[in-house]
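To start, the structure itself, in structure tokens.
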Amino acid sequence: MKTIYARPRSMKEAHFHYCPGCGHGVITRLIAEVVDEMELRDRTICVAPAGCGMLVYNYFDIDTIESAHGRGAAVATGIKRVRPDNLVFSYQGDGDLAAIGTAEGFHAANRGELISIIFVNNGVYGMTGGQMAPTTMLDQVTTTSPAGRDSLIQGHPVKICEVYATLDGTSYLERVAVNKPAAIIKTKKAIAKAFRHQQQKTGFSLVEILSPCPTNWKMSPLDACRWVDDVMTKVFPLGLIKETKKC
Amino acid sequence: MKGSIRIDPERCKGCSWCMEYCPSHAITLSSRLNLKGYFIADFEEKKGCTGCALCAVMCPEVAIEVYQIEKTDERQ
Amino acid sequence: MSGNSAVGEAAVLAGCTCYFGYPITPQNELTEYMAKRIAEVPGGVFIQSESEIAAINMVLGASAAGARAMTSSSGPGISLKQEGVSYLAADELPAVIVNMMRGGPGMGNISPAQSDYLQATRGGGHGDYRTIVLAPASVQEAADLVHVAFDLADTYRNPLVVLGDGMLGQMMEPVTFTTPAKKKEYPKEYVLTGASGRPSRMIRSLLFDTKEEEEHNWKLFRKYQLMEQNEVRYETFLLDDADMALLAYGIAARIAKGAIKRLRQEGLRVGLIRPITLWPFPKKIIQETAKQLADFFVFEMSTGQMIEDVRLALEGKGHVHFYGRPGGVIPTPVELSRIVARHYYQSKQGKKP
């Protein structure tokens, strides 16, 4: 018998704390797989966020550092500028990058920092119990938008990829999802491509990943997967948003 | 190709993603509970696993290992 | 050279390769100096960040990657950095933070003040931690203390504050720079370099397990105890025969010295205790001096912050007088000497001022 799929080398044995049917589980695994396949384990440094993704340092068997909420892009900048030969990526959720980390993410992108951000968009604040996020969609019910998001008082969902695309410092931006096998395979390719862009110093790269959050969407794991396709992709279209050079 | 999988019962959280996408319908939700209190996934090899690994690709817990059964294994 | 520029030059000579900062008066000359100077350093990194928050977090990343990193700001910007300083302390990462104080609170003004003493000496951010606070009183001392700052930060793996003010930052005085003959090596087993040929490392301060968090806090506490034992620095001036001791730091101490010289000419026996480390506070010298005299006169360019530490050190002994000018007002030595004289005479007559 030949093992053709197992836990990646860059992944520790710890069991995940994520909820059943959470996209973070897949994304964490995909990153480890890409790091292994690109033989980057010995030079990768990961910046972990505050949020559901905050425990990735317990899962990745690579050098990691926790960052304060929203500051991942600034911490990653400090690391990469001191160690330009390392692969430095930051793992951030929608609160971390699109709310409190707006300035740090935007300006790292604008400066064209040679870092990659893996941006997990599940339209809600998971860890703290399901509050509204900048990426929450109109009419979506959350604990702080109990009547559904109202654009008049709570604004519209933010499309990070499209916003960053206006910045000349960004070289690769793609939006993908992890709600079904074909999408997951595309996500893995996008993560690898972001890392290649960093290695080839084309500029700042970001992969936005639509991720199911069954607990806070109040759905079953499978319904959450379907909701990504049926509802989320209408507001957050999947696909390549920007690529300045083929990598 | 013939394949087989092993689902780690203590990692599984019964999310059912693997079951949804298995082309051989070889995985079902059992009524067994693991230590964390989840109903866990059950694999029936005789349903004809092809080793496509879609279940492992979907699994958010890294709970599934996939094996390819070579002809030499079968003879044994 | 101005104090701001001297701090920058001293930092580079001390091995600082990374500077991240955001413009704020009265320390812009430091940021601008570093923009030019860091470019001359091999592997040097200068970023004018988008905010003071981003700057402190870049310092955190650079420190985790093994570099000597520095940031600087003034009141409002230092407030923004506090979260980052708390994380640096929790992660046990070395860093130097320079605060050129100005009038506050809020927007305040751009004039020199000593408004951030309590913020600097009580950790400043959330959680149970401390940072050593060095308070230079001249451009030369600022340059000398910057070397000490980087060494102490590395020795203790803790962020450290250099507390100046707008006057120190912008005044011009002669300064001689020294480069240490031999660079001291510090253990760097925590630095993130990529897990090549070794197990992976993590730097983090989230400790859900309360037993772990408690132990971590006590570990930090023991470090701070070592700092209190070993790192107190102060200067005394004309204290031996004094019957009143002035207490002042930084620019206020310069003014106090001027006042003392005048008072001595008139026969008033006043001396000075000048804390150089505001934390750890030089309690012992104050307690020793309390055996010799009863009158302590605290002078600060604030409404009274260091006075709390003086009272704590005295534990009820002696008599604490106070003169404070907040808001960026800088009294002259003559003004101060008149007020000190009044208190001195009233004490002599047994009257409470």
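The chains in the structure tokens are called A, B, ... from first to last as shown; in each chain the residues are counted from 1, and the ligands are counted from 1 in the order shown.
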
Closest contacts (chain B/chain A, max 9 Å, only C-alpha atoms) as JSON lines:
```
{"residue": "B:Gly3", "atom": "CA", "partner": "A:Met1", "partner_atom": "CA", "distance": 8.7}
{"residue": "B:Ser4", "atom": "CA", "partner": "A:Met1", "partner_atom": "CA", "distance": 8.9}
{"residue": "B:Glu10", "atom": "CA", "partner": "A:His15", "partner_atom": "CA", "distance": 8.6}
{"residue": "B:Arg11", "atom": "CA", "partner": "A:His15", "partner_atom": "CA", "distance": 6.3}
{"residue": "B:Cys12", "atom": "CA", "partner": "A:Pro20", "partner_atom": "CA", "distance": 8.4}
{"residue": "B:Lys13", "atom": "CA", "partner": "A:Pro20", "partner_atom": "CA", "distance": 5.4}
{"residue": "B:Gly14", "atom": "CA", "partner": "A:Pro20", "partner_atom": "CA", "distance": 6.8}
{"residue": "B:Cys15", "atom": "CA", "partner": "A:Pro20", "partner_atom": "CA", "distance": 5.0}
{"residue": "B:Ser16", "atom": "CA", "partner": "A:Leu222", "partner_atom": "CA", "distance": 7.0}
{"residue": "B:Trp17", "atom": "CA", "partner": "A:Leu222", "partner_atom": "CA", "distance": 6.4}
{"residue": "B:Glu20", "atom": "CA", "partner": "A:Leu222", "partner_atom": "CA", "distance": 7.9}
{"residue": "B:Tyr21", "atom": "CA", "partner": "A:Pro181", "partner_atom": "CA", "distance": 7.7}
{"residue": "B:Gly51", "atom": "CA", "partner": "A:Ile4", "partner_atom": "CA", "distance": 8.1}
{"residue": "B:Ala53", "atom": "CA", "partner": "A:Tyr5", "partner_atom": "CA", "distance": 7.0}
{"residue": "B:Leu54", "atom": "CA", "partner": "A:Pro181", "partner_atom": "CA", "distance": 6.4}
{"residue": "B:Cys55", "atom": "CA", "partner": "A:Pro181", "partner_atom": "CA", "distance": 8.5}
{"residue": "B:Ala56", "atom": "CA", "partner": "A:Tyr5", "partner_atom": "CA", "distance": 7.1}
{"residue": "B:Val57", "atom": "CA", "partner": "A:Pro181", "partner_atom": "CA", "distance": 6.4}
{"residue": "B:Met58", "atom": "CA", "partner": "A:Pro181", "partner_atom": "CA", "distance": 6.0}
{"residue": "B:Cys59", "atom": "CA", "partner": "A:Val26", "partner_atom": "CA", "distance": 6.7}
{"residue": "B:Pro60", "atom": "CA", "partner": "A:Gly25", "partner_atom": "CA", "distance": 4.1}
{"residue": "B:Glu61", "atom": "CA", "partner": "A:Gly25", "partner_atom": "CA", "distance": 5.7}
{"residue": "B:Val62", "atom": "CA", "partner": "A:Arg7", "partner_atom": "CA", "distance": 6.2}
{"residue": "B:Ala63", "atom": "CA", "partner": "A:Arg7", "partner_atom": "CA", "distance": 8.1}
{"residue": "B:Ile64", "atom": "CA", "partner": "A:Ala6", "partner_atom": "CA", "distance": 7.0}
{"residue": "B:Glu65", "atom": "CA", "partner": "A:Ala6", "partner_atom": "CA", "distance": 4.8}
{"residue": "B:Val66", "atom": "CA", "partner": "A:Tyr5", "partner_atom": "CA", "distance": 4.9}
{"residue": "B:Tyr67", "atom": "CA", "partner": "A:Thr3", "partner_atom": "CA", "distance": 4.4}
{"residue": "B:Gln68", "atom": "CA", "partner": "A:Lys2", "partner_atom": "CA", "distance": 5.1}
{"residue": "B:Ile69", "atom": "CA", "partner": "A:Met1", "partner_atom": "CA", "distance": 4.8}
{"residue": "B:Glu70", "atom": "CA", "partner": "A:Met1", "partner_atom": "CA", "distance": 6.0}
{"residue": "B:Thr72", "atom": "CA", "partner": "A:Met1", "partner_atom": "CA", "distance": 8.7}
{"residue": "B:Asp73", "atom": "CA", "partner": "A:Met1", "partner_atom": "CA", "distance": 6.5}
```

Selection above as a file: C-alpha atoms, as a CSV table (one decimal), in the first residue's frame:
```
chain,number,residue,atom,x,y,z
B,3,GLY,CA,-7.7,2.7,-3.0
B,4,SER,CA,-8.4,2.8,0.7
B,10,GLU,CA,-10.5,11.4,17.3
B,11,ARG,CA,-9.8,14.1,14.7
B,12,CYS,CA,-13.1,13.7,12.9
B,13,LYS,CA,-15.9,16.2,13.8
B,14,GLY,CA,-18.6,14.7,11.7
B,15,CYS,CA,-18.8,17.8,9.4
B,16,SER,CA,-19.8,15.5,6.5
B,17,TRP,CA,-17.8,17.3,3.8
B,20,GLU,CA,-20.7,14.8,0.2
B,21,TYR,CA,-18.0,14.5,-2.4
B,51,GLY,CA,-8.1,6.5,-4.0
B,53,ALA,CA,-8.5,11.6,-2.3
B,54,LEU,CA,-11.3,14.1,-2.7
B,55,CYS,CA,-12.3,13.2,0.8
B,56,ALA,CA,-8.9,14.1,2.1
B,57,VAL,CA,-8.9,17.3,0.0
B,58,MET,CA,-12.2,18.4,1.6
B,59,CYS,CA,-11.4,17.3,5.2
B,60,PRO,CA,-10.9,20.3,7.4
B,61,GLU,CA,-9.3,18.3,10.2
B,62,VAL,CA,-6.5,16.5,8.3
B,63,ALA,CA,-8.2,13.4,9.6
B,64,ILE,CA,-8.0,11.3,6.4
B,65,GLU,CA,-5.1,9.3,5.1
B,66,VAL,CA,-5.4,7.9,1.6
B,67,TYR,CA,-3.7,4.8,0.3
B,68,GLN,CA,-3.3,3.3,-3.2
B,69,ILE,CA,-3.6,-0.4,-3.1
B,70,GLU,CA,-1.1,-1.9,-5.6
B,72,THR,CA,0.9,-6.9,-5.3
B,73,ASP,CA,-1.2,-6.0,-2.2
```

Define the interface residues of chain A facing chain C as those within 6 Å, counting only C-alpha atoms, and report them as a ChimeraX atom specification.
/A:42-45,61-66,74-75,78-79,82

For N, CA and C atoms, I'd like the residues from the last selection saved as a PDB file, in the first residue's frame.
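Output file part02.pdb follows:
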```pdb
ATOM      1  N   ASP A  42      12.240  25.415   5.550  1.00  0.00           N
ATOM      2  CA  ASP A  42      13.387  25.917   6.315  1.00  0.00           C
ATOM      3  C   ASP A  42      13.598  27.413   6.168  1.00  0.00           C
ATOM      4  N   ARG A  43      12.755  28.079   5.395  1.00  0.00           N
ATOM      5  CA  ARG A  43      12.948  29.515   5.292  1.00  0.00           C
ATOM      6  C   ARG A  43      11.644  30.298   5.398  1.00  0.00           C
ATOM      7  N   THR A  44      10.573  29.625   5.789  1.00  0.00           N
ATOM      8  CA  THR A  44       9.294  30.329   5.866  1.00  0.00           C
ATOM      9  C   THR A  44       9.045  30.853   7.273  1.00  0.00           C
ATOM     10  N   ILE A  45       8.516  32.052   7.343  1.00  0.00           N
ATOM     11  CA  ILE A  45       8.112  32.618   8.626  1.00  0.00           C
ATOM     12  C   ILE A  45       6.661  33.065   8.479  1.00  0.00           C
ATOM     13  N   ASP A  61       4.456  23.635  11.496  1.00  0.00           N
ATOM     14  CA  ASP A  61       5.776  23.302  12.027  1.00  0.00           C
ATOM     15  C   ASP A  61       6.811  24.171  11.325  1.00  0.00           C
ATOM     16  N   ILE A  62       6.588  25.467  11.372  1.00  0.00           N
ATOM     17  CA  ILE A  62       7.524  26.441  10.805  1.00  0.00           C
ATOM     18  C   ILE A  62       7.652  27.575  11.821  1.00  0.00           C
ATOM     19  N   ASP A  63       8.648  28.450  11.625  1.00  0.00           N
ATOM     20  CA  ASP A  63       8.803  29.592  12.536  1.00  0.00           C
ATOM     21  C   ASP A  63       7.572  30.493  12.414  1.00  0.00           C
ATOM     22  N   THR A  64       6.954  30.783  13.540  1.00  0.00           N
ATOM     23  CA  THR A  64       5.768  31.641  13.509  1.00  0.00           C
ATOM     24  C   THR A  64       5.840  32.677  14.616  1.00  0.00           C
ATOM     25  N   ILE A  65       5.137  33.759  14.408  1.00  0.00           N
ATOM     26  CA  ILE A  65       5.028  34.791  15.428  1.00  0.00           C
ATOM     27  C   ILE A  65       3.600  35.277  15.489  1.00  0.00           C
ATOM     28  N   GLU A  66       3.126  35.476  16.675  1.00  0.00           N
ATOM     29  CA  GLU A  66       1.787  36.026  16.875  1.00  0.00           C
ATOM     30  C   GLU A  66       1.883  37.543  16.689  1.00  0.00           C
ATOM     31  N   ALA A  74       2.212  44.778   9.265  1.00  0.00           N
ATOM     32  CA  ALA A  74       3.352  45.579   9.748  1.00  0.00           C
ATOM     33  C   ALA A  74       4.432  44.663  10.329  1.00  0.00           C
ATOM     34  N   VAL A  75       4.015  43.657  11.084  1.00  0.00           N
ATOM     35  CA  VAL A  75       4.992  42.715  11.647  1.00  0.00           C
ATOM     36  C   VAL A  75       5.706  41.985  10.522  1.00  0.00           C
ATOM     37  N   GLY A  78       8.312  44.172   8.981  1.00  0.00           N
ATOM     38  CA  GLY A  78       9.540  44.247   9.781  1.00  0.00           C
ATOM     39  C   GLY A  78      10.407  43.026   9.569  1.00  0.00           C
ATOM     40  N   ILE A  79       9.779  41.840   9.572  1.00  0.00           N
ATOM     41  CA  ILE A  79      10.537  40.597   9.407  1.00  0.00           C
ATOM     42  C   ILE A  79      11.161  40.520   8.023  1.00  0.00           C
ATOM     43  N   VAL A  82      14.148  42.737   7.299  1.00  0.00           N
ATOM     44  CA  VAL A  82      15.382  42.288   7.949  1.00  0.00           C
ATOM     45  C   VAL A  82      15.885  40.998   7.305  1.00  0.00           C
TER      46      VAL A  82
END
```

DSSP helix (DSSP H, G or I) selection over region 23-191 of chain A, as a ChimeraX atom specification
/A:23-37,41-43,52-59,72-82,94-98,102-110,151-154,160-165,181-191

Could you turn the residues from that selection into a file that holds C-alpha atoms, as a short mmCIF file (atom, residue, chain, number, x, y, z; two decimals), in the first residue's frame?
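Result went into again13.cif, see below:
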```cif
data_model
loop_
_atom_site.label_atom_id
_atom_site.label_comp_id
_atom_site.auth_asym_id
_atom_site.auth_seq_id
_atom_site.Cartn_x
_atom_site.Cartn_y
_atom_site.Cartn_z
CA GLY A 23 -12.71 26.60 6.08
CA HIS A 24 -9.71 27.47 8.26
CA GLY A 25 -8.94 23.77 8.60
CA VAL A 26 -8.57 23.35 4.87
CA ILE A 27 -6.66 26.61 4.41
CA THR A 28 -4.18 25.80 7.19
CA ARG A 29 -3.55 22.41 5.62
CA LEU A 30 -3.18 23.82 2.10
CA ILE A 31 -0.53 26.29 3.24
CA ALA A 32 1.45 23.48 4.88
CA GLU A 33 1.14 21.39 1.71
CA VAL A 34 2.38 24.25 -0.47
CA VAL A 35 5.30 24.98 1.89
CA ASP A 36 6.28 21.31 1.66
CA GLU A 37 5.89 21.00 -2.09
CA ARG A 41 9.87 24.90 5.33
CA ASP A 42 13.39 25.92 6.32
CA ARG A 43 12.95 29.52 5.29
CA CYS A 52 -9.98 31.97 14.72
CA GLY A 53 -6.68 31.68 12.87
CA MET A 54 -4.69 32.75 15.89
CA LEU A 55 -3.59 29.26 16.83
CA VAL A 56 -1.90 28.45 13.53
CA TYR A 57 1.40 28.58 15.37
CA ASN A 58 0.25 25.41 17.13
CA TYR A 59 -0.38 23.74 13.77
CA GLY A 72 0.16 41.31 10.83
CA ALA A 73 1.12 43.23 7.71
CA ALA A 74 3.35 45.58 9.75
CA VAL A 75 4.99 42.71 11.65
CA ALA A 76 5.53 40.84 8.39
CA THR A 77 7.05 43.99 6.90
CA GLY A 78 9.54 44.25 9.78
CA ILE A 79 10.54 40.60 9.41
CA LYS A 80 10.84 40.63 5.61
CA ARG A 81 12.88 43.81 5.51
CA VAL A 82 15.38 42.29 7.95
CA ASP A 94 -11.74 39.72 7.88
CA GLY A 95 -11.57 41.61 11.16
CA ASP A 96 -7.80 41.44 11.26
CA LEU A 97 -7.18 42.69 7.74
CA ALA A 98 -10.30 44.57 6.70
CA THR A 102 -6.95 48.30 7.27
CA ALA A 103 -4.09 50.79 7.47
CA GLU A 104 -1.35 48.23 7.95
CA GLY A 105 -2.58 45.98 5.15
CA PHE A 106 -3.29 48.80 2.72
CA HIS A 107 0.06 50.47 3.25
CA ALA A 108 2.10 47.27 3.13
CA ALA A 109 0.36 46.63 -0.19
CA ASN A 110 0.97 50.18 -1.33
CA SER A 151 -26.21 49.94 4.10
CA LEU A 152 -27.64 53.20 5.42
CA ILE A 153 -26.24 52.72 8.89
CA GLN A 154 -23.64 50.02 8.49
CA ILE A 160 -10.37 43.79 -0.40
CA CYS A 161 -8.94 42.40 -3.63
CA GLU A 162 -10.55 45.09 -5.73
CA VAL A 163 -9.43 47.83 -3.35
CA TYR A 164 -5.83 46.58 -3.30
CA ALA A 165 -5.87 46.23 -7.09
CA PRO A 181 -12.94 20.06 -4.10
CA ALA A 182 -12.46 21.97 -7.37
CA ALA A 183 -12.34 25.26 -5.47
CA ILE A 184 -9.89 23.87 -2.91
CA ILE A 185 -7.55 22.74 -5.65
CA LYS A 186 -7.68 26.24 -7.16
CA THR A 187 -6.98 27.76 -3.72
CA LYS A 188 -3.89 25.61 -3.32
CA LYS A 189 -2.62 26.78 -6.72
CA ALA A 190 -3.29 30.40 -5.77
CA ILE A 191 -1.33 30.09 -2.53
#
```

Atom pair CA of Ala341 (chain C) + CA of Gln305 (chain C), distance 22.3 Å

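Pairwise distance (CA of Pro280 (chain C), CA of Ala313 (chain C)) equals 11.6 Å.
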
Measure the distance from CA of Val85 (chain C) to CA of Phe299 (chain C) in Å and round it to one decimal.
28.3 Å

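Using only C-alpha atoms, the residues found no farther than 6 Å from region 40-45 of chain B, other than those of its own chain fewer than 6 positions away, are Cys12, Gly14, Ala26, Ile27, Thr28, Leu29 and Ser30 of chain B.
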
Once DSSP has gone over the backbone, tell me which residues of region 226-317 of chain C are in strand (DSSP E or B), as a ChimeraX atom specification.
/C:234-237,244-247,270-275,277-279,295-300

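Among the candidates A:Leu206, A:Val141, A:Leu87, A:Ala133, the one nearest to Phe119 (chain A) when counting only C-alpha atoms is A:Leu206.
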
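In this comparison, which uses only C-alpha atoms, the residue of A:Gly203, A:Gly101, A:Pro237, A:Pro212 approaching Glu113 (chain A) most closely is A:Gly203.
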
Exercise: Pro94 (chain C) partners within 7 Å, only C-alpha atoms, chain neighbours under 2 positions left out, as a PyMOL selection string
chain C and resi 63+92+153-154+157-159

When you look at region 230-232 of chain C with a cut-off of 7 Å (counting only C-alpha atoms), what residues show up, excluding the ones that are within fewer than 4 positions of it in the same chain? I need them as a PyMOL selection string.
chain C and resi 226+277+280-282

Dump as a short mmCIF file (atom, residue, chain, number, x, y, z; two decimals), in the first residue's frame, selection limited to C-alpha atoms:
```
data_model
loop_
_atom_site.label_atom_id
_atom_site.label_comp_id
_atom_site.auth_asym_id
_atom_site.auth_seq_id
_atom_site.Cartn_x
_atom_site.Cartn_y
_atom_site.Cartn_z
CA LEU C 226 16.85 41.92 38.46
CA THR C 277 16.56 55.67 35.43
CA PRO C 280 13.74 51.40 38.26
CA PHE C 281 13.35 54.45 40.45
CA PRO C 282 16.35 55.31 42.65
#
```
